>>> print(open('target-v8.txt').read())   # compact mmCIF, N, CA and C atoms
# COMPACT_ATOMS: atom_id res chain seq x y z
N MET A 1 139.21 17.01 -29.94
CA MET A 1 138.48 17.68 -31.00
C MET A 1 138.74 16.91 -32.29
N LYS A 2 137.71 16.76 -33.08
CA LYS A 2 137.85 16.06 -34.35
C LYS A 2 138.63 16.92 -35.35
N LEU A 3 139.33 16.24 -36.23
CA LEU A 3 140.15 16.93 -37.22
C LEU A 3 139.30 17.81 -38.14
N LYS A 4 138.15 17.33 -38.52
CA LYS A 4 137.27 18.10 -39.41
C LYS A 4 136.84 19.42 -38.74
N THR A 5 136.52 19.35 -37.46
CA THR A 5 136.13 20.55 -36.71
C THR A 5 137.30 21.51 -36.57
N ALA A 6 138.49 20.97 -36.30
CA ALA A 6 139.68 21.82 -36.15
C ALA A 6 140.01 22.53 -37.47
N LEU A 7 139.87 21.83 -38.58
CA LEU A 7 140.12 22.47 -39.88
C LEU A 7 139.10 23.56 -40.17
N ARG A 8 137.86 23.33 -39.79
CA ARG A 8 136.83 24.35 -39.99
C ARG A 8 137.11 25.58 -39.14
N ILE A 9 137.50 25.39 -37.89
CA ILE A 9 137.84 26.51 -37.01
C ILE A 9 139.05 27.27 -37.56
N GLY A 10 140.02 26.55 -38.11
CA GLY A 10 141.19 27.20 -38.70
C GLY A 10 140.82 28.07 -39.89
N ARG A 11 139.90 27.58 -40.71
CA ARG A 11 139.47 28.38 -41.87
C ARG A 11 138.71 29.63 -41.43
N ILE A 12 137.86 29.48 -40.42
CA ILE A 12 137.13 30.63 -39.91
C ILE A 12 138.10 31.64 -39.30
N GLY A 13 139.11 31.15 -38.59
CA GLY A 13 140.11 32.04 -38.01
C GLY A 13 140.90 32.79 -39.06
N ALA A 14 141.22 32.11 -40.16
CA ALA A 14 141.95 32.78 -41.25
C ALA A 14 141.07 33.86 -41.88
N ALA A 15 139.80 33.58 -42.04
CA ALA A 15 138.89 34.59 -42.59
C ALA A 15 138.78 35.79 -41.64
N LEU A 16 138.76 35.53 -40.33
CA LEU A 16 138.71 36.62 -39.36
C LEU A 16 139.98 37.46 -39.40
N ALA A 17 141.13 36.81 -39.57
CA ALA A 17 142.39 37.55 -39.66
C ALA A 17 142.37 38.49 -40.86
N LEU A 18 141.87 38.00 -41.99
CA LEU A 18 141.78 38.85 -43.18
C LEU A 18 140.78 39.98 -42.98
N LEU A 19 139.68 39.69 -42.29
CA LEU A 19 138.68 40.71 -42.01
C LEU A 19 139.27 41.80 -41.11
N PHE A 20 139.99 41.40 -40.06
CA PHE A 20 140.62 42.38 -39.18
C PHE A 20 141.62 43.25 -39.94
N LEU A 21 142.38 42.64 -40.83
CA LEU A 21 143.35 43.40 -41.62
C LEU A 21 142.65 44.40 -42.53
N PHE A 22 141.57 43.97 -43.17
CA PHE A 22 140.81 44.87 -44.03
C PHE A 22 140.21 46.02 -43.23
N LEU A 23 139.64 45.69 -42.07
CA LEU A 23 139.05 46.75 -41.24
C LEU A 23 140.11 47.71 -40.72
N TRP A 24 141.30 47.19 -40.41
CA TRP A 24 142.38 48.08 -39.97
C TRP A 24 142.79 49.02 -41.10
N MET A 25 142.81 48.51 -42.33
CA MET A 25 143.18 49.37 -43.46
C MET A 25 142.15 50.48 -43.66
N LEU A 26 140.89 50.21 -43.29
CA LEU A 26 139.86 51.23 -43.44
C LEU A 26 139.87 52.24 -42.29
N PHE A 27 139.98 51.76 -41.06
CA PHE A 27 139.78 52.63 -39.89
C PHE A 27 141.06 53.02 -39.16
N LYS A 28 142.14 52.30 -39.34
CA LYS A 28 143.45 52.62 -38.75
C LYS A 28 143.40 52.77 -37.22
N THR A 29 142.70 51.87 -36.54
CA THR A 29 142.69 51.91 -35.09
C THR A 29 143.72 50.92 -34.55
N GLN A 30 144.22 51.21 -33.37
CA GLN A 30 145.26 50.39 -32.78
C GLN A 30 144.72 49.00 -32.39
N THR A 31 143.48 48.93 -31.97
CA THR A 31 142.88 47.65 -31.59
C THR A 31 142.80 46.71 -32.79
N LEU A 32 142.38 47.22 -33.92
CA LEU A 32 142.31 46.39 -35.12
C LEU A 32 143.69 45.97 -35.60
N LEU A 33 144.68 46.81 -35.39
CA LEU A 33 146.04 46.45 -35.74
C LEU A 33 146.50 45.27 -34.89
N TYR A 34 146.26 45.33 -33.59
CA TYR A 34 146.66 44.23 -32.71
C TYR A 34 145.91 42.94 -33.04
N LEU A 35 144.63 43.07 -33.35
CA LEU A 35 143.86 41.88 -33.73
C LEU A 35 144.36 41.28 -35.04
N SER A 36 144.67 42.12 -36.01
CA SER A 36 145.12 41.61 -37.30
C SER A 36 146.51 41.00 -37.22
N LEU A 37 147.34 41.46 -36.29
CA LEU A 37 148.68 40.89 -36.12
C LEU A 37 148.68 39.69 -35.17
N GLY A 38 147.77 39.66 -34.21
CA GLY A 38 147.75 38.59 -33.23
C GLY A 38 147.02 37.33 -33.66
N THR A 39 146.03 37.48 -34.53
CA THR A 39 145.24 36.34 -34.95
C THR A 39 146.07 35.26 -35.64
N PRO A 40 147.01 35.57 -36.52
CA PRO A 40 147.82 34.50 -37.12
C PRO A 40 148.65 33.71 -36.11
N PHE A 41 149.13 34.37 -35.06
CA PHE A 41 149.88 33.65 -34.04
C PHE A 41 148.99 32.70 -33.25
N VAL A 42 147.78 33.13 -32.97
CA VAL A 42 146.82 32.26 -32.30
C VAL A 42 146.48 31.07 -33.20
N LEU A 43 146.33 31.31 -34.48
CA LEU A 43 146.04 30.22 -35.42
C LEU A 43 147.19 29.24 -35.52
N LEU A 44 148.41 29.72 -35.49
CA LEU A 44 149.57 28.82 -35.51
C LEU A 44 149.59 27.92 -34.28
N ALA A 45 149.34 28.50 -33.13
CA ALA A 45 149.31 27.71 -31.90
C ALA A 45 148.16 26.71 -31.92
N PHE A 46 147.01 27.13 -32.42
CA PHE A 46 145.85 26.25 -32.53
C PHE A 46 146.15 25.07 -33.44
N SER A 47 146.75 25.35 -34.59
CA SER A 47 147.02 24.26 -35.53
C SER A 47 148.09 23.31 -34.98
N ALA A 48 149.06 23.83 -34.24
CA ALA A 48 150.08 22.97 -33.65
C ALA A 48 149.48 22.00 -32.64
N VAL A 49 148.42 22.41 -31.98
CA VAL A 49 147.81 21.56 -30.96
C VAL A 49 146.74 20.64 -31.55
N PHE A 50 145.92 21.12 -32.48
CA PHE A 50 144.74 20.37 -32.89
C PHE A 50 144.79 19.76 -34.29
N ILE A 51 145.68 20.21 -35.17
CA ILE A 51 145.73 19.64 -36.52
C ILE A 51 146.67 18.44 -36.48
N ARG A 52 146.16 17.33 -35.98
CA ARG A 52 146.95 16.12 -35.80
C ARG A 52 146.15 14.92 -36.28
N CYS A 53 146.88 13.87 -36.63
CA CYS A 53 146.25 12.62 -37.02
C CYS A 53 145.54 12.03 -35.80
N PRO A 54 144.28 11.60 -35.92
CA PRO A 54 143.58 11.05 -34.76
C PRO A 54 144.13 9.69 -34.32
N HIS A 55 144.95 9.06 -35.15
CA HIS A 55 145.46 7.73 -34.82
C HIS A 55 146.88 7.79 -34.25
N CYS A 56 147.81 8.41 -34.96
CA CYS A 56 149.20 8.43 -34.50
C CYS A 56 149.57 9.74 -33.80
N ARG A 57 148.66 10.74 -33.82
CA ARG A 57 148.85 12.03 -33.15
C ARG A 57 150.02 12.85 -33.69
N ARG A 58 150.46 12.58 -34.91
CA ARG A 58 151.54 13.39 -35.50
C ARG A 58 150.92 14.61 -36.17
N TYR A 59 151.67 15.69 -36.19
CA TYR A 59 151.21 16.95 -36.77
C TYR A 59 151.08 16.81 -38.28
N LEU A 60 149.97 17.25 -38.82
CA LEU A 60 149.74 17.22 -40.27
C LEU A 60 150.08 18.59 -40.84
N HIS A 61 151.12 18.67 -41.62
CA HIS A 61 151.59 19.95 -42.17
C HIS A 61 150.61 20.52 -43.17
N GLY A 62 149.86 19.69 -43.78
CA GLY A 62 148.82 20.09 -44.71
C GLY A 62 148.00 18.86 -45.01
N VAL A 63 146.71 18.99 -44.94
CA VAL A 63 145.86 17.83 -45.18
C VAL A 63 145.60 17.78 -46.68
N HIS A 64 146.26 16.81 -47.35
CA HIS A 64 146.18 16.71 -48.80
C HIS A 64 145.54 15.41 -49.26
N GLY A 65 144.76 14.81 -48.43
CA GLY A 65 144.12 13.56 -48.82
C GLY A 65 143.31 12.99 -47.67
N LYS A 66 142.83 11.78 -47.89
CA LYS A 66 142.00 11.13 -46.90
C LYS A 66 142.81 10.29 -45.91
N TYR A 67 144.10 10.14 -46.16
CA TYR A 67 144.91 9.25 -45.34
C TYR A 67 146.10 10.00 -44.74
N CYS A 68 146.49 9.58 -43.54
CA CYS A 68 147.64 10.16 -42.87
C CYS A 68 148.91 9.76 -43.62
N PRO A 69 149.81 10.72 -43.91
CA PRO A 69 151.04 10.36 -44.60
C PRO A 69 152.02 9.59 -43.72
N TYR A 70 151.79 9.54 -42.42
CA TYR A 70 152.72 8.87 -41.51
C TYR A 70 152.29 7.45 -41.18
N CYS A 71 151.01 7.27 -40.80
CA CYS A 71 150.57 5.93 -40.42
C CYS A 71 149.72 5.26 -41.49
N GLY A 72 149.19 6.04 -42.44
CA GLY A 72 148.41 5.48 -43.54
C GLY A 72 146.94 5.23 -43.23
N LYS A 73 146.49 5.56 -42.03
CA LYS A 73 145.10 5.35 -41.67
C LYS A 73 144.24 6.50 -42.15
N GLU A 74 142.94 6.23 -42.30
CA GLU A 74 142.01 7.23 -42.80
C GLU A 74 141.83 8.35 -41.77
N LEU A 75 141.71 9.59 -42.27
CA LEU A 75 141.62 10.77 -41.41
C LEU A 75 140.20 11.15 -41.00
N ASP A 76 139.20 10.49 -41.49
CA ASP A 76 137.80 10.78 -41.14
C ASP A 76 137.39 12.21 -41.49
N LEU A 77 137.67 12.60 -42.71
CA LEU A 77 137.29 13.96 -43.14
C LEU A 77 135.96 13.95 -43.83
>>> encode(input="target-v8.txt", output="structure tokens")
Amino acid sequence: MKLKTALRIGRIGAALALLFLFLWMLFKTQTLLYLSLGTPFVLLAFSAVFIRCPHCRRYLHGVHGKYCPYCGKELDL
């Protein structure tokens, strides 16, 4: 998976986690509670697997530029 796509999926997942939390605060159902608590763990696992440099495959703790901080190659964002 391309890094740009993985970052987009991560942002959508974060928005869904916030939406589930908001909906749980409104309706107080157990299903929404589990979704709002489980989504961040799924996002952590997703980022550990897919948020990596396409060249050296090292985990990117935060994408703060166009170049990998480890190998120096362009990230194709």
>>> atom_distance(input="target-v8.txt", atom1="atom N of Cys71 of chain A", atom2="atom N of Cys56 of chain A")
6.8 Å
>>> closest_residue(input="target-v8.txt", among="A:Ala6, A:Leu77, A:Leu16, A:Met1", to="Gly38 of chain A", atoms="only C-alpha atoms")
A:Leu16
>>> atom_distance(input="target-v8.txt", atom1="atom CA of Pro54 of chain A", atom2="atom CA of Ala14 of chain A")
22.7 Å
>>> select_by_dssp(input="target-v8.txt", residues="chain A", states="strand (DSSP E or B)", output="list in words")
Arg52, Tyr59, Tyr67 and Glu74 of chain A
>>> atom_distance(input="target-v8.txt", atom1="atom CA of Leu18 of chain A", atom2="atom CA of His64 of chain A")
23.3 Å
>>> closest_residue(input="target-v8.txt", among="A:Pro40, A:Ala48, A:Glu74, A:Lys66", to="Ile12 of chain A", atoms="only C-alpha atoms")
A:Pro40
>>> residues_around(input="target-v8.txt", residues="Tyr59 of chain A", least_positions_apart="3", cutoff="8 Å", atoms="all atoms listed in the file", output="number ranges by chain")
A: 47-53, 56, 62
>>> residues_around(input="target-v8.txt", residues="Lys4 of chain A", least_positions_apart="4", cutoff="6.5 Å", atoms="only N, CA and C atoms", output="list in words")
Arg8, Ile9, Asp76 and Leu77 of chain A
>>> closest_residue(input="target-v8.txt", among="A:Leu37, A:His55, A:Leu19, A:Ala45", to="Cys68 of chain A", atoms="only C-alpha atoms")
A:His55
>>> select_by_dssp(input="target-v8.txt", residues="chain A", states="helix (DSSP H, G or I)", output="ChimeraX atom specification")
/A:3-27,30-50
>>> axis_aligned_box(input="target-v8.txt", around="segment 38-54 of chain A", padding_each_side="8 Å", output="lines of an AutoDock Vina configuration file")
center_x = 146.8
center_y = 24.7
center_z = -34.0
size_x = 22.5
size_y = 46.0
size_z = 22.2
>>> residues_around(input="target-v8.txt", residues="Leu32 of chain A", least_positions_apart="4", cutoff="10 Å", atoms="only C-alpha atoms", output="list in words")
Ala17, Leu19, Phe20, Leu21, Phe22, Leu23, Trp24, Met25, Leu26, Phe27, Lys28, Ser36, Leu37 and Gly38 of chain A
>>> write_last_selection(input="target-v8.txt", atoms="N, CA and C atoms", output="mmCIF file, keeping the file's coordinate frame")
data_model
loop_
_atom_site.group_PDB
_atom_site.id
_atom_site.type_symbol
_atom_site.label_atom_id
_atom_site.label_comp_id
_atom_site.auth_asym_id
_atom_site.auth_seq_id
_atom_site.Cartn_x
_atom_site.Cartn_y
_atom_site.Cartn_z
ATOM 1 N N ALA A 17 141.130 36.810 -39.570
ATOM 2 C CA ALA A 17 142.390 37.550 -39.660
ATOM 3 C C ALA A 17 142.370 38.490 -40.860
ATOM 4 N N LEU A 19 139.680 39.690 -42.290
ATOM 5 C CA LEU A 19 138.680 40.710 -42.010
ATOM 6 C C LEU A 19 139.270 41.800 -41.110
ATOM 7 N N PHE A 20 139.990 41.400 -40.060
ATOM 8 C CA PHE A 20 140.620 42.380 -39.180
ATOM 9 C C PHE A 20 141.620 43.250 -39.940
ATOM 10 N N LEU A 21 142.380 42.640 -40.830
ATOM 11 C CA LEU A 21 143.350 43.400 -41.620
ATOM 12 C C LEU A 21 142.650 44.400 -42.530
ATOM 13 N N PHE A 22 141.570 43.970 -43.170
ATOM 14 C CA PHE A 22 140.810 44.870 -44.030
ATOM 15 C C PHE A 22 140.210 46.020 -43.230
ATOM 16 N N LEU A 23 139.640 45.690 -42.070
ATOM 17 C CA LEU A 23 139.050 46.750 -41.240
ATOM 18 C C LEU A 23 140.110 47.710 -40.720
ATOM 19 N N TRP A 24 141.300 47.190 -40.410
ATOM 20 C CA TRP A 24 142.380 48.080 -39.970
ATOM 21 C C TRP A 24 142.790 49.020 -41.100
ATOM 22 N N MET A 25 142.810 48.510 -42.330
ATOM 23 C CA MET A 25 143.180 49.370 -43.460
ATOM 24 C C MET A 25 142.150 50.480 -43.660
ATOM 25 N N LEU A 26 140.890 50.210 -43.290
ATOM 26 C CA LEU A 26 139.860 51.230 -43.440
ATOM 27 C C LEU A 26 139.870 52.240 -42.290
ATOM 28 N N PHE A 27 139.980 51.760 -41.060
ATOM 29 C CA PHE A 27 139.780 52.630 -39.890
ATOM 30 C C PHE A 27 141.060 53.020 -39.160
ATOM 31 N N LYS A 28 142.140 52.300 -39.340
ATOM 32 C CA LYS A 28 143.450 52.620 -38.750
ATOM 33 C C LYS A 28 143.400 52.770 -37.220
ATOM 34 N N SER A 36 144.670 42.120 -36.010
ATOM 35 C CA SER A 36 145.120 41.610 -37.300
ATOM 36 C C SER A 36 146.510 41.000 -37.220
ATOM 37 N N LEU A 37 147.340 41.460 -36.290
ATOM 38 C CA LEU A 37 148.680 40.890 -36.120
ATOM 39 C C LEU A 37 148.680 39.690 -35.170
ATOM 40 N N GLY A 38 147.770 39.660 -34.210
ATOM 41 C CA GLY A 38 147.750 38.590 -33.230
ATOM 42 C C GLY A 38 147.020 37.330 -33.660
#
>>> closest_residue(input="target-v8.txt", among="A:Thr29, A:Tyr34, A:Gly72, A:Thr39", to="Gly13 of chain A", atoms="only N, CA and C atoms")
A:Thr39
>>> closest_residue(input="target-v8.txt", among="A:Leu43, A:Leu35, A:Gln30, A:Lys73", to="Arg11 of chain A", atoms="only C-alpha atoms")
A:Leu43
>>> decode(input="target-v8.txt", residues="segment 37-68 of chain A", atoms="N, CA and C atoms", output="mmCIF file, in the first residue's frame")
data_model
loop_
_atom_site.group_PDB
_atom_site.id
_atom_site.type_symbol
_atom_site.label_atom_id
_atom_site.label_comp_id
_atom_site.auth_asym_id
_atom_site.auth_seq_id
_atom_site.Cartn_x
_atom_site.Cartn_y
_atom_site.Cartn_z
ATOM 1 N N LEU A 37 -13.928 2.723 21.696
ATOM 2 C CA LEU A 37 -12.724 2.294 22.403
ATOM 3 C C LEU A 37 -11.830 1.397 21.541
ATOM 4 N N GLY A 38 -12.412 0.648 20.621
ATOM 5 C CA GLY A 38 -11.646 -0.282 19.809
ATOM 6 C C GLY A 38 -10.993 0.328 18.587
ATOM 7 N N THR A 39 -11.590 1.377 18.045
ATOM 8 C CA THR A 39 -11.063 1.980 16.828
ATOM 9 C C THR A 39 -9.640 2.509 16.999
ATOM 10 N N PRO A 40 -9.274 3.174 18.095
ATOM 11 C CA PRO A 40 -7.879 3.622 18.230
ATOM 12 C C PRO A 40 -6.870 2.477 18.254
ATOM 13 N N PHE A 41 -7.239 1.338 18.825
ATOM 14 C CA PHE A 41 -6.318 0.199 18.824
ATOM 15 C C PHE A 41 -6.126 -0.360 17.419
ATOM 16 N N VAL A 42 -7.191 -0.391 16.651
ATOM 17 C CA VAL A 42 -7.084 -0.832 15.262
ATOM 18 C C VAL A 42 -6.219 0.154 14.476
ATOM 19 N N LEU A 43 -6.373 1.430 14.731
ATOM 20 C CA LEU A 43 -5.558 2.437 14.044
ATOM 21 C C LEU A 43 -4.089 2.325 14.419
ATOM 22 N N LEU A 44 -3.796 2.027 15.666
ATOM 23 C CA LEU A 44 -2.399 1.829 16.069
ATOM 24 C C LEU A 44 -1.772 0.647 15.350
ATOM 25 N N ALA A 45 -2.497 -0.442 15.270
ATOM 26 C CA ALA A 45 -1.988 -1.618 14.565
ATOM 27 C C ALA A 45 -1.824 -1.329 13.076
ATOM 28 N N PHE A 46 -2.772 -0.614 12.494
ATOM 29 C CA PHE A 46 -2.698 -0.253 11.083
ATOM 30 C C PHE A 46 -1.472 0.612 10.808
ATOM 31 N N SER A 47 -1.251 1.609 11.661
ATOM 32 C CA SER A 47 -0.105 2.493 11.425
ATOM 33 C C SER A 47 1.216 1.764 11.632
ATOM 34 N N ALA A 48 1.266 0.820 12.565
ATOM 35 C CA ALA A 48 2.497 0.063 12.781
ATOM 36 C C ALA A 48 2.851 -0.780 11.557
ATOM 37 N N VAL A 49 1.845 -1.220 10.825
ATOM 38 C CA VAL A 49 2.094 -2.070 9.663
ATOM 39 C C VAL A 49 2.310 -1.248 8.391
ATOM 40 N N PHE A 50 1.540 -0.183 8.180
ATOM 41 C CA PHE A 50 1.522 0.484 6.890
ATOM 42 C C PHE A 50 2.190 1.858 6.834
ATOM 43 N N ILE A 51 2.410 2.527 7.962
ATOM 44 C CA ILE A 51 3.039 3.850 7.918
ATOM 45 C C ILE A 51 4.549 3.649 7.979
ATOM 46 N N ARG A 52 5.111 3.293 6.839
ATOM 47 C CA ARG A 52 6.533 2.987 6.741
ATOM 48 C C ARG A 52 7.119 3.648 5.506
ATOM 49 N N CYS A 53 8.416 3.871 5.549
ATOM 50 C CA CYS A 53 9.125 4.419 4.397
ATOM 51 C C CYS A 53 9.082 3.380 3.272
ATOM 52 N N PRO A 54 8.736 3.772 2.045
ATOM 53 C CA PRO A 54 8.674 2.794 0.957
ATOM 54 C C PRO A 54 10.060 2.288 0.533
ATOM 55 N N HIS A 55 11.115 2.945 0.974
ATOM 56 C CA HIS A 55 12.463 2.552 0.559
ATOM 57 C C HIS A 55 13.166 1.698 1.619
ATOM 58 N N CYS A 56 13.250 2.186 2.845
ATOM 59 C CA CYS A 56 13.979 1.454 3.887
ATOM 60 C C CYS A 56 13.050 0.659 4.804
ATOM 61 N N ARG A 57 11.721 0.835 4.657
ATOM 62 C CA ARG A 57 10.700 0.114 5.422
ATOM 63 C C ARG A 57 10.749 0.371 6.924
ATOM 64 N N ARG A 58 11.340 1.488 7.348
ATOM 65 C CA ARG A 58 11.337 1.821 8.783
ATOM 66 C C ARG A 58 10.058 2.572 9.112
ATOM 67 N N TYR A 59 9.598 2.402 10.337
ATOM 68 C CA TYR A 59 8.361 3.036 10.796
ATOM 69 C C TYR A 59 8.556 4.544 10.888
ATOM 70 N N LEU A 60 7.614 5.293 10.360
ATOM 71 C CA LEU A 60 7.653 6.751 10.419
ATOM 72 C C LEU A 60 6.779 7.202 11.583
ATOM 73 N N HIS A 61 7.385 7.749 12.607
ATOM 74 C CA HIS A 61 6.658 8.155 13.814
ATOM 75 C C HIS A 61 5.727 9.322 13.542
ATOM 76 N N GLY A 62 6.048 10.094 12.581
ATOM 77 C CA GLY A 62 5.221 11.207 12.153
ATOM 78 C C GLY A 62 5.790 11.708 10.847
ATOM 79 N N VAL A 63 4.945 11.898 9.875
ATOM 80 C CA VAL A 63 5.432 12.347 8.580
ATOM 81 C C VAL A 63 5.482 13.863 8.620
ATOM 82 N N HIS A 64 6.710 14.406 8.711
ATOM 83 C CA HIS A 64 6.890 15.851 8.855
ATOM 84 C C HIS A 64 7.638 16.457 7.681
ATOM 85 N N GLY A 65 7.608 15.828 6.566
ATOM 86 C CA GLY A 65 8.297 16.370 5.408
ATOM 87 C C GLY A 65 8.204 15.429 4.225
ATOM 88 N N LYS A 66 8.941 15.776 3.190
ATOM 89 C CA LYS A 66 8.907 14.991 1.969
ATOM 90 C C LYS A 66 9.946 13.879 1.949
ATOM 91 N N TYR A 67 10.829 13.866 2.940
ATOM 92 C CA TYR A 67 11.937 12.917 2.924
ATOM 93 C C TYR A 67 11.939 12.064 4.192
ATOM 94 N N CYS A 68 12.387 10.826 4.046
ATOM 95 C CA CYS A 68 12.492 9.915 5.172
ATOM 96 C C CYS A 68 13.621 10.394 6.095
#
